[in-house]
>>> print(open('upload_15.cif').read())   # mmCIF, C-alpha atoms
data_my_file
loop_
_atom_site.label_atom_id
_atom_site.label_comp_id
_atom_site.auth_asym_id
_atom_site.auth_seq_id
_atom_site.Cartn_x
_atom_site.Cartn_y
_atom_site.Cartn_z
CA MET M 254 22.66 -19.11 -13.98
CA PRO M 255 21.38 -18.27 -17.44
CA THR M 256 18.94 -15.44 -18.02
CA MET M 257 15.38 -16.63 -17.50
CA SER M 258 13.34 -14.78 -20.11
CA THR M 259 11.02 -17.61 -21.10
CA LEU M 260 9.35 -20.59 -19.51
CA HIS M 261 11.27 -22.74 -22.01
CA GLU M 262 14.59 -21.47 -20.62
CA LEU M 263 13.35 -22.13 -17.09
CA LEU M 264 12.33 -25.69 -18.05
CA ILE M 265 15.77 -26.36 -19.56
CA ASP M 266 17.38 -25.06 -16.36
CA GLU M 267 15.10 -27.25 -14.23
CA LEU M 268 15.83 -30.31 -16.35
CA ASN M 269 19.57 -29.67 -16.02
CA ASP M 270 19.14 -29.44 -12.25
CA ILE M 271 17.20 -32.71 -12.17
CA HIS M 272 19.75 -34.36 -14.49
CA SER M 273 22.55 -33.38 -12.11
CA ALA M 274 20.52 -34.58 -9.12
CA GLU M 275 19.89 -37.98 -10.71
CA HIS M 276 23.59 -38.36 -11.64
CA GLN M 277 24.60 -37.56 -8.07
CA LEU M 278 22.10 -40.11 -6.79
CA VAL M 279 23.49 -42.79 -9.12
CA GLN M 280 26.87 -42.19 -7.46
CA ALA M 281 25.48 -42.13 -3.91
CA LEU M 282 23.08 -45.09 -3.94
CA PRO M 283 25.79 -47.80 -4.02
CA LYS M 284 27.26 -46.29 -0.84
CA MET M 285 23.82 -46.25 0.78
CA ILE M 286 23.28 -49.87 -0.25
CA GLU M 287 26.62 -50.84 1.26
CA GLY M 288 25.90 -48.89 4.44
CA ALA M 289 22.44 -50.39 4.99
CA ASN M 290 22.16 -53.29 7.39
CA SER M 291 18.68 -54.53 6.52
CA GLU M 292 18.55 -56.83 3.50
CA THR M 293 15.09 -55.46 2.66
CA LEU M 294 16.44 -51.91 2.68
CA ARG M 295 19.48 -52.89 0.60
CA GLN M 296 17.20 -54.55 -1.96
CA ALA M 297 14.88 -51.53 -2.18
CA LEU M 298 17.83 -49.17 -2.65
CA ALA M 299 19.36 -51.47 -5.28
CA GLU M 300 16.07 -51.55 -7.20
CA HIS M 301 15.88 -47.77 -7.02
CA LEU M 302 19.43 -47.51 -8.35
CA VAL M 303 18.32 -49.34 -11.50
CA GLU M 304 15.31 -47.00 -11.77
CA THR M 305 17.51 -43.95 -11.22
CA GLU M 306 19.78 -45.01 -14.07
CA GLU M 307 16.65 -45.20 -16.24
CA HIS M 308 15.62 -41.73 -15.03
CA VAL M 309 18.94 -40.39 -16.36
CA ASN M 310 18.30 -42.13 -19.70
CA ARG M 311 14.79 -40.68 -19.85
CA LEU M 312 16.15 -37.19 -19.17
CA ASP M 313 18.75 -37.68 -21.91
CA GLU M 314 15.91 -38.54 -24.31
CA ILE M 315 14.05 -35.38 -23.26
CA PHE M 316 17.13 -33.27 -23.94
CA THR M 317 17.41 -34.88 -27.38
CA THR M 318 13.75 -34.05 -28.06
CA LEU M 319 14.44 -30.44 -27.04
CA GLU M 320 17.59 -30.42 -29.19
CA ARG M 321 19.72 -29.57 -26.18
CA SER M 322 22.58 -31.21 -24.33
CA PRO M 323 22.33 -31.78 -20.61
CA GLY M 324 24.88 -30.30 -18.30
CA GLY M 325 26.32 -27.08 -17.08
CA LYS M 326 24.56 -27.12 -13.74
CA LYS M 327 25.21 -28.82 -10.43
CA CYS M 328 22.21 -29.50 -8.23
CA LEU M 329 23.27 -28.02 -4.91
CA GLY M 330 20.07 -29.17 -3.20
CA MET M 331 20.81 -32.80 -3.96
CA GLU M 332 24.45 -32.33 -3.04
CA GLY M 333 23.41 -31.13 0.42
CA LEU M 334 20.84 -33.88 0.95
CA LEU M 335 23.32 -36.56 -0.06
CA ALA M 336 26.04 -35.10 2.19
CA GLU M 337 23.67 -35.32 5.16
CA GLY M 338 22.84 -38.93 4.34
CA ALA M 339 26.49 -39.85 3.80
CA ALA M 340 27.27 -38.74 7.34
CA LEU M 341 25.25 -41.72 8.62
CA ILE M 342 27.01 -44.32 6.55
CA GLY M 343 29.81 -45.98 8.40
CA ASP M 344 28.88 -44.39 11.73
CA ASP M 345 29.19 -46.44 14.84
CA GLY M 346 25.87 -47.17 16.40
CA ASP M 347 22.96 -49.49 16.44
CA PRO M 348 22.44 -50.95 12.93
CA ASP M 349 18.66 -50.52 13.13
CA VAL M 350 18.96 -46.89 14.16
CA LEU M 351 21.39 -46.26 11.31
CA ASP M 352 18.99 -47.95 8.86
CA ALA M 353 16.18 -45.71 10.13
CA GLY M 354 18.45 -42.74 9.47
CA ILE M 355 19.32 -43.97 5.97
CA ILE M 356 15.61 -44.34 5.21
CA GLY M 357 14.99 -40.78 6.41
CA ALA M 358 17.84 -39.45 4.27
CA ALA M 359 16.62 -41.40 1.24
CA GLN M 360 13.08 -40.10 1.72
CA ARG M 361 14.30 -36.50 1.86
CA VAL M 362 15.99 -37.16 -1.48
CA GLU M 363 12.77 -38.65 -2.90
CA HIS M 364 10.70 -35.70 -1.70
CA TYR M 365 13.15 -33.29 -3.34
CA GLU M 366 12.87 -35.21 -6.60
CA ILE M 367 9.07 -35.38 -6.37
CA ALA M 368 8.94 -31.59 -6.05
CA ALA M 369 11.39 -31.07 -8.92
CA TYR M 370 9.59 -33.43 -11.29
CA GLY M 371 6.20 -31.94 -10.39
CA THR M 372 7.42 -28.46 -11.25
CA ALA M 373 9.01 -29.59 -14.53
CA ILE M 374 5.80 -31.41 -15.50
CA ALA M 375 3.70 -28.30 -14.86
CA HIS M 376 6.02 -26.18 -16.99
CA ALA M 377 6.20 -28.76 -19.80
CA GLU M 378 2.40 -29.02 -19.85
CA ALA M 379 2.01 -25.24 -19.88
CA MET M 380 4.09 -25.14 -23.07
CA GLY M 381 2.25 -28.03 -24.70
CA HIS M 382 5.13 -30.50 -24.41
CA SER M 383 2.81 -33.44 -23.74
CA GLU M 384 5.35 -36.13 -24.70
CA ILE M 385 7.96 -34.64 -22.36
CA ALA M 386 5.39 -34.29 -19.60
CA ALA M 387 4.41 -37.95 -20.04
CA ARG M 388 8.03 -39.08 -19.65
CA LEU M 389 8.47 -36.91 -16.59
CA LYS M 390 5.20 -38.26 -15.11
CA LYS M 391 6.49 -41.82 -15.50
CA THR M 392 9.57 -40.89 -13.49
CA LEU M 393 7.49 -39.01 -10.94
CA ALA M 394 5.34 -42.12 -10.39
CA GLU M 395 8.50 -44.17 -9.80
CA GLU M 396 9.81 -41.61 -7.30
CA VAL M 397 6.51 -41.66 -5.41
CA ALA M 398 6.57 -45.48 -5.39
CA ALA M 399 10.15 -45.48 -4.05
CA ASP M 400 9.11 -43.14 -1.25
CA ARG M 401 6.15 -45.37 -0.37
CA ARG M 402 8.40 -48.44 -0.35
CA LEU M 403 10.80 -46.73 2.07
CA THR M 404 7.86 -45.85 4.32
CA GLU M 405 6.71 -49.49 4.27
CA ILE M 406 10.19 -50.67 5.23
CA ALA M 407 10.44 -48.15 8.05
CA GLU M 408 6.97 -48.78 9.42
CA GLY M 409 7.18 -52.51 8.76
CA GLY M 410 9.89 -53.06 11.31
CA ILE M 411 13.02 -50.93 11.18
CA ASN M 412 11.54 -48.06 13.18
CA ARG M 413 10.24 -50.50 15.82
CA LEU M 414 13.62 -52.20 16.02
CA ALA M 415 15.36 -48.85 16.30
CA ALA M 416 12.91 -47.72 19.01
CA THR M 417 13.85 -50.62 21.25
CA GLU M 418 17.16 -48.85 21.83
CA PHE M 419 15.18 -46.21 23.73
CA GLY M 420 15.05 -48.57 26.63
CA GLU M 421 13.88 -52.16 26.92
CA GLY M 422 11.35 -51.83 24.11
CA GLU M 423 9.78 -48.64 25.45
CA THR M 424 8.61 -46.07 22.99
CA VAL M 425 7.72 -42.44 23.39
CA GLU M 426 4.01 -41.66 23.09
CA SER M 427 3.02 -38.47 21.31
#
>>> encode(input="upload_15.cif", output="C-alpha cells")
Amino acid sequence: MPTMSTLHELLIDELNDIHSAEHQLVQALPKMIEGANSETLRQALAEHLVETEEHVNRLDEIFTTLERSPGGKKCLGMEGLLAEGAALIGDDGDPDVLDAGIIGAAQRVEHYEIAAYGTAIAHAEAMGHSEIAARLKKTLAEEVAADRRLTEIAEGGINRLAATEFGEGETVES
C-alpha cells in the first residue's frame, strides 16, 4: 500500500480499489447470470453487467482526468464477497432457494460498492473535484437502483417461493 500523506493519495487508492472491484464484478456477473434460475433475476443481473461495464469506463475517465493510470491494487473485499456468492452457483438444491442466495450475495456486493463510492465522493468533494464527484454520484445512484431492484425481485416472489421449502408453505414468524 502506498504512503497516505494526502487526501489526494487516499482518493487515488480508493479509486484503484473500486476499479479492481468493478473489474472483478464484470468477470463474476456472467457466472451469476448463468447460475440464476429466475428469468427476472437473470435479466436484472444482465442489465447490471452492462451498467458495471460503464462504471469501469467512468472510472477510466476519472483516472484520465487525474492524469493517473488505474491499477496496482486488488480489491480483497470484493474478492471475498464474490467467492462467497460463487459457492452458491452450481450447488444442488431448490432453485428458488439458490436464487434467494444469489440475490443476497449480489446485494452484499452492492452494499460494498455503495459504501466505497460514498467514501470516494466525500473525498473528491472535500478536494473540490466536483466533476469527479458528479461522475461517482451517477454510479452511486445506479448501484443504489440495482440494490433496490434486487430487493423487489426477492420480495416480489423469490423469497416466498424459497420459503415454501420450509414445509408446505409455512413460514417462520418473527
>>> resolve_selection(input="upload_15.cif", expression="the PyMOL selection byres ((chain M and resi 400) around 12)", output="PDB file with C-alpha atoms, keeping the file's coordinate frame")
ATOM      1  CA  ALA M 297      14.880 -51.530  -2.180  1.00  0.00           C
ATOM      2  CA  LEU M 298      17.830 -49.170  -2.650  1.00  0.00           C
ATOM      3  CA  HIS M 301      15.880 -47.770  -7.020  1.00  0.00           C
ATOM      4  CA  ILE M 356      15.610 -44.340   5.210  1.00  0.00           C
ATOM      5  CA  GLY M 357      14.990 -40.780   6.410  1.00  0.00           C
ATOM      6  CA  ALA M 358      17.840 -39.450   4.270  1.00  0.00           C
ATOM      7  CA  ALA M 359      16.620 -41.400   1.240  1.00  0.00           C
ATOM      8  CA  GLN M 360      13.080 -40.100   1.720  1.00  0.00           C
ATOM      9  CA  ARG M 361      14.300 -36.500   1.860  1.00  0.00           C
ATOM     10  CA  VAL M 362      15.990 -37.160  -1.480  1.00  0.00           C
ATOM     11  CA  GLU M 363      12.770 -38.650  -2.900  1.00  0.00           C
ATOM     12  CA  HIS M 364      10.700 -35.700  -1.700  1.00  0.00           C
ATOM     13  CA  TYR M 365      13.150 -33.290  -3.340  1.00  0.00           C
ATOM     14  CA  GLU M 366      12.870 -35.210  -6.600  1.00  0.00           C
ATOM     15  CA  ILE M 367       9.070 -35.380  -6.370  1.00  0.00           C
ATOM     16  CA  LEU M 393       7.490 -39.010 -10.940  1.00  0.00           C
ATOM     17  CA  ALA M 394       5.340 -42.120 -10.390  1.00  0.00           C
ATOM     18  CA  GLU M 395       8.500 -44.170  -9.800  1.00  0.00           C
ATOM     19  CA  GLU M 396       9.810 -41.610  -7.300  1.00  0.00           C
ATOM     20  CA  VAL M 397       6.510 -41.660  -5.410  1.00  0.00           C
ATOM     21  CA  ALA M 398       6.570 -45.480  -5.390  1.00  0.00           C
ATOM     22  CA  ALA M 399      10.150 -45.480  -4.050  1.00  0.00           C
ATOM     23  CA  ARG M 401       6.150 -45.370  -0.370  1.00  0.00           C
ATOM     24  CA  ARG M 402       8.400 -48.440  -0.350  1.00  0.00           C
ATOM     25  CA  LEU M 403      10.800 -46.730   2.070  1.00  0.00           C
ATOM     26  CA  THR M 404       7.860 -45.850   4.320  1.00  0.00           C
ATOM     27  CA  GLU M 405       6.710 -49.490   4.270  1.00  0.00           C
ATOM     28  CA  ILE M 406      10.190 -50.670   5.230  1.00  0.00           C
ATOM     29  CA  ALA M 407      10.440 -48.150   8.050  1.00  0.00           C
TER      30      ALA M 407
END
>>> resolve_selection(input="upload_15.cif", expression="the PyMOL selection byres ((chain M and resi 373-384) around 8)", output="PyMOL selection string")
chain M and resi 260-261+264+267-268+369-372+385-390
>>> atom_distance(input="upload_15.cif", atom1="atom CA of M:Gln296", atom2="atom CA of M:Asp270")
27.2 Å
>>> closest_residue(input="upload_15.cif", among="M:Ala299, M:Ala289, M:Ala336, M:Ile271", to="M:Asp313", atoms="all atoms listed in the file")
M:Ile271
>>> atom_distance(input="upload_15.cif", atom1="atom CA of M:Val309", atom2="atom CA of M:Val279")
8.9 Å
>>> build_atoms(input="upload_15.cif", residues="stretch 292-320 of chain M", atoms="N, CA and C atoms", output="CSV table (one decimal), in the frame of the given file")
chain,number,residue,atom,x,y,z
M,292,GLU,N,18.6,-56.3,4.9
M,292,GLU,CA,18.6,-56.8,3.5
M,292,GLU,C,17.4,-56.2,2.7
M,293,THR,N,16.2,-56.0,3.3
M,293,THR,CA,15.1,-55.5,2.7
M,293,THR,C,15.4,-54.0,2.2
M,294,LEU,N,16.1,-53.3,3.0
M,294,LEU,CA,16.4,-51.9,2.7
M,294,LEU,C,17.5,-51.9,1.6
M,295,ARG,N,18.5,-52.8,1.7
M,295,ARG,CA,19.5,-52.9,0.6
M,295,ARG,C,18.8,-53.2,-0.7
M,296,GLN,N,17.9,-54.1,-0.7
M,296,GLN,CA,17.2,-54.6,-2.0
M,296,GLN,C,16.4,-53.4,-2.5
M,297,ALA,N,15.7,-52.7,-1.7
M,297,ALA,CA,14.9,-51.5,-2.2
M,297,ALA,C,15.8,-50.4,-2.8
M,298,LEU,N,16.9,-50.2,-2.1
M,298,LEU,CA,17.8,-49.2,-2.6
M,298,LEU,C,18.5,-49.6,-4.0
M,299,ALA,N,18.8,-50.9,-4.0
M,299,ALA,CA,19.4,-51.5,-5.3
M,299,ALA,C,18.4,-51.4,-6.4
M,300,GLU,N,17.1,-51.7,-6.2
M,300,GLU,CA,16.1,-51.6,-7.2
M,300,GLU,C,15.9,-50.1,-7.6
M,301,HIS,N,16.0,-49.2,-6.7
M,301,HIS,CA,15.9,-47.8,-7.0
M,301,HIS,C,17.1,-47.3,-7.8
M,302,LEU,N,18.2,-47.9,-7.6
M,302,LEU,CA,19.4,-47.5,-8.4
M,302,LEU,C,19.2,-47.8,-9.8
M,303,VAL,N,18.6,-49.0,-10.1
M,303,VAL,CA,18.3,-49.3,-11.5
M,303,VAL,C,17.3,-48.3,-12.1
M,304,GLU,N,16.3,-48.0,-11.3
M,304,GLU,CA,15.3,-47.0,-11.8
M,304,GLU,C,16.0,-45.6,-12.0
M,305,THR,N,16.9,-45.3,-11.1
M,305,THR,CA,17.5,-44.0,-11.2
M,305,THR,C,18.4,-43.9,-12.5
M,306,GLU,N,19.0,-45.0,-12.8
M,306,GLU,CA,19.8,-45.0,-14.1
M,306,GLU,C,18.8,-44.8,-15.3
M,307,GLU,N,17.6,-45.4,-15.2
M,307,GLU,CA,16.6,-45.2,-16.2
M,307,GLU,C,16.1,-43.8,-16.3
M,308,HIS,N,16.0,-43.1,-15.1
M,308,HIS,CA,15.6,-41.7,-15.0
M,308,HIS,C,16.6,-40.8,-15.8
M,309,VAL,N,17.9,-41.1,-15.6
M,309,VAL,CA,18.9,-40.4,-16.4
M,309,VAL,C,18.7,-40.6,-17.9
M,310,ASN,N,18.5,-41.8,-18.3
M,310,ASN,CA,18.3,-42.1,-19.7
M,310,ASN,C,17.1,-41.4,-20.2
M,311,ARG,N,16.0,-41.4,-19.4
M,311,ARG,CA,14.8,-40.7,-19.8
M,311,ARG,C,15.1,-39.2,-20.0
M,312,LEU,N,15.8,-38.6,-19.1
M,312,LEU,CA,16.2,-37.2,-19.2
M,312,LEU,C,17.0,-36.9,-20.4
M,313,ASP,N,17.9,-37.8,-20.7
M,313,ASP,CA,18.8,-37.7,-21.9
M,313,ASP,C,17.9,-37.7,-23.2
M,314,GLU,N,16.8,-38.5,-23.2
M,314,GLU,CA,15.9,-38.5,-24.3
M,314,GLU,C,15.1,-37.2,-24.4
M,315,ILE,N,14.8,-36.7,-23.3
M,315,ILE,CA,14.0,-35.4,-23.3
M,315,ILE,C,15.0,-34.3,-23.8
M,316,PHE,N,16.2,-34.3,-23.4
M,316,PHE,CA,17.1,-33.3,-23.9
M,316,PHE,C,17.3,-33.4,-25.5
M,317,THR,N,17.3,-34.7,-25.9
M,317,THR,CA,17.4,-34.9,-27.4
M,317,THR,C,16.2,-34.3,-28.1
M,318,THR,N,15.0,-34.6,-27.5
M,318,THR,CA,13.8,-34.0,-28.1
M,318,THR,C,13.8,-32.5,-28.1
M,319,LEU,N,14.4,-31.9,-27.1
M,319,LEU,CA,14.4,-30.4,-27.0
M,319,LEU,C,15.6,-29.9,-27.8
M,320,GLU,N,16.4,-30.8,-28.4
M,320,GLU,CA,17.6,-30.4,-29.2
M,320,GLU,C,18.6,-29.6,-28.3
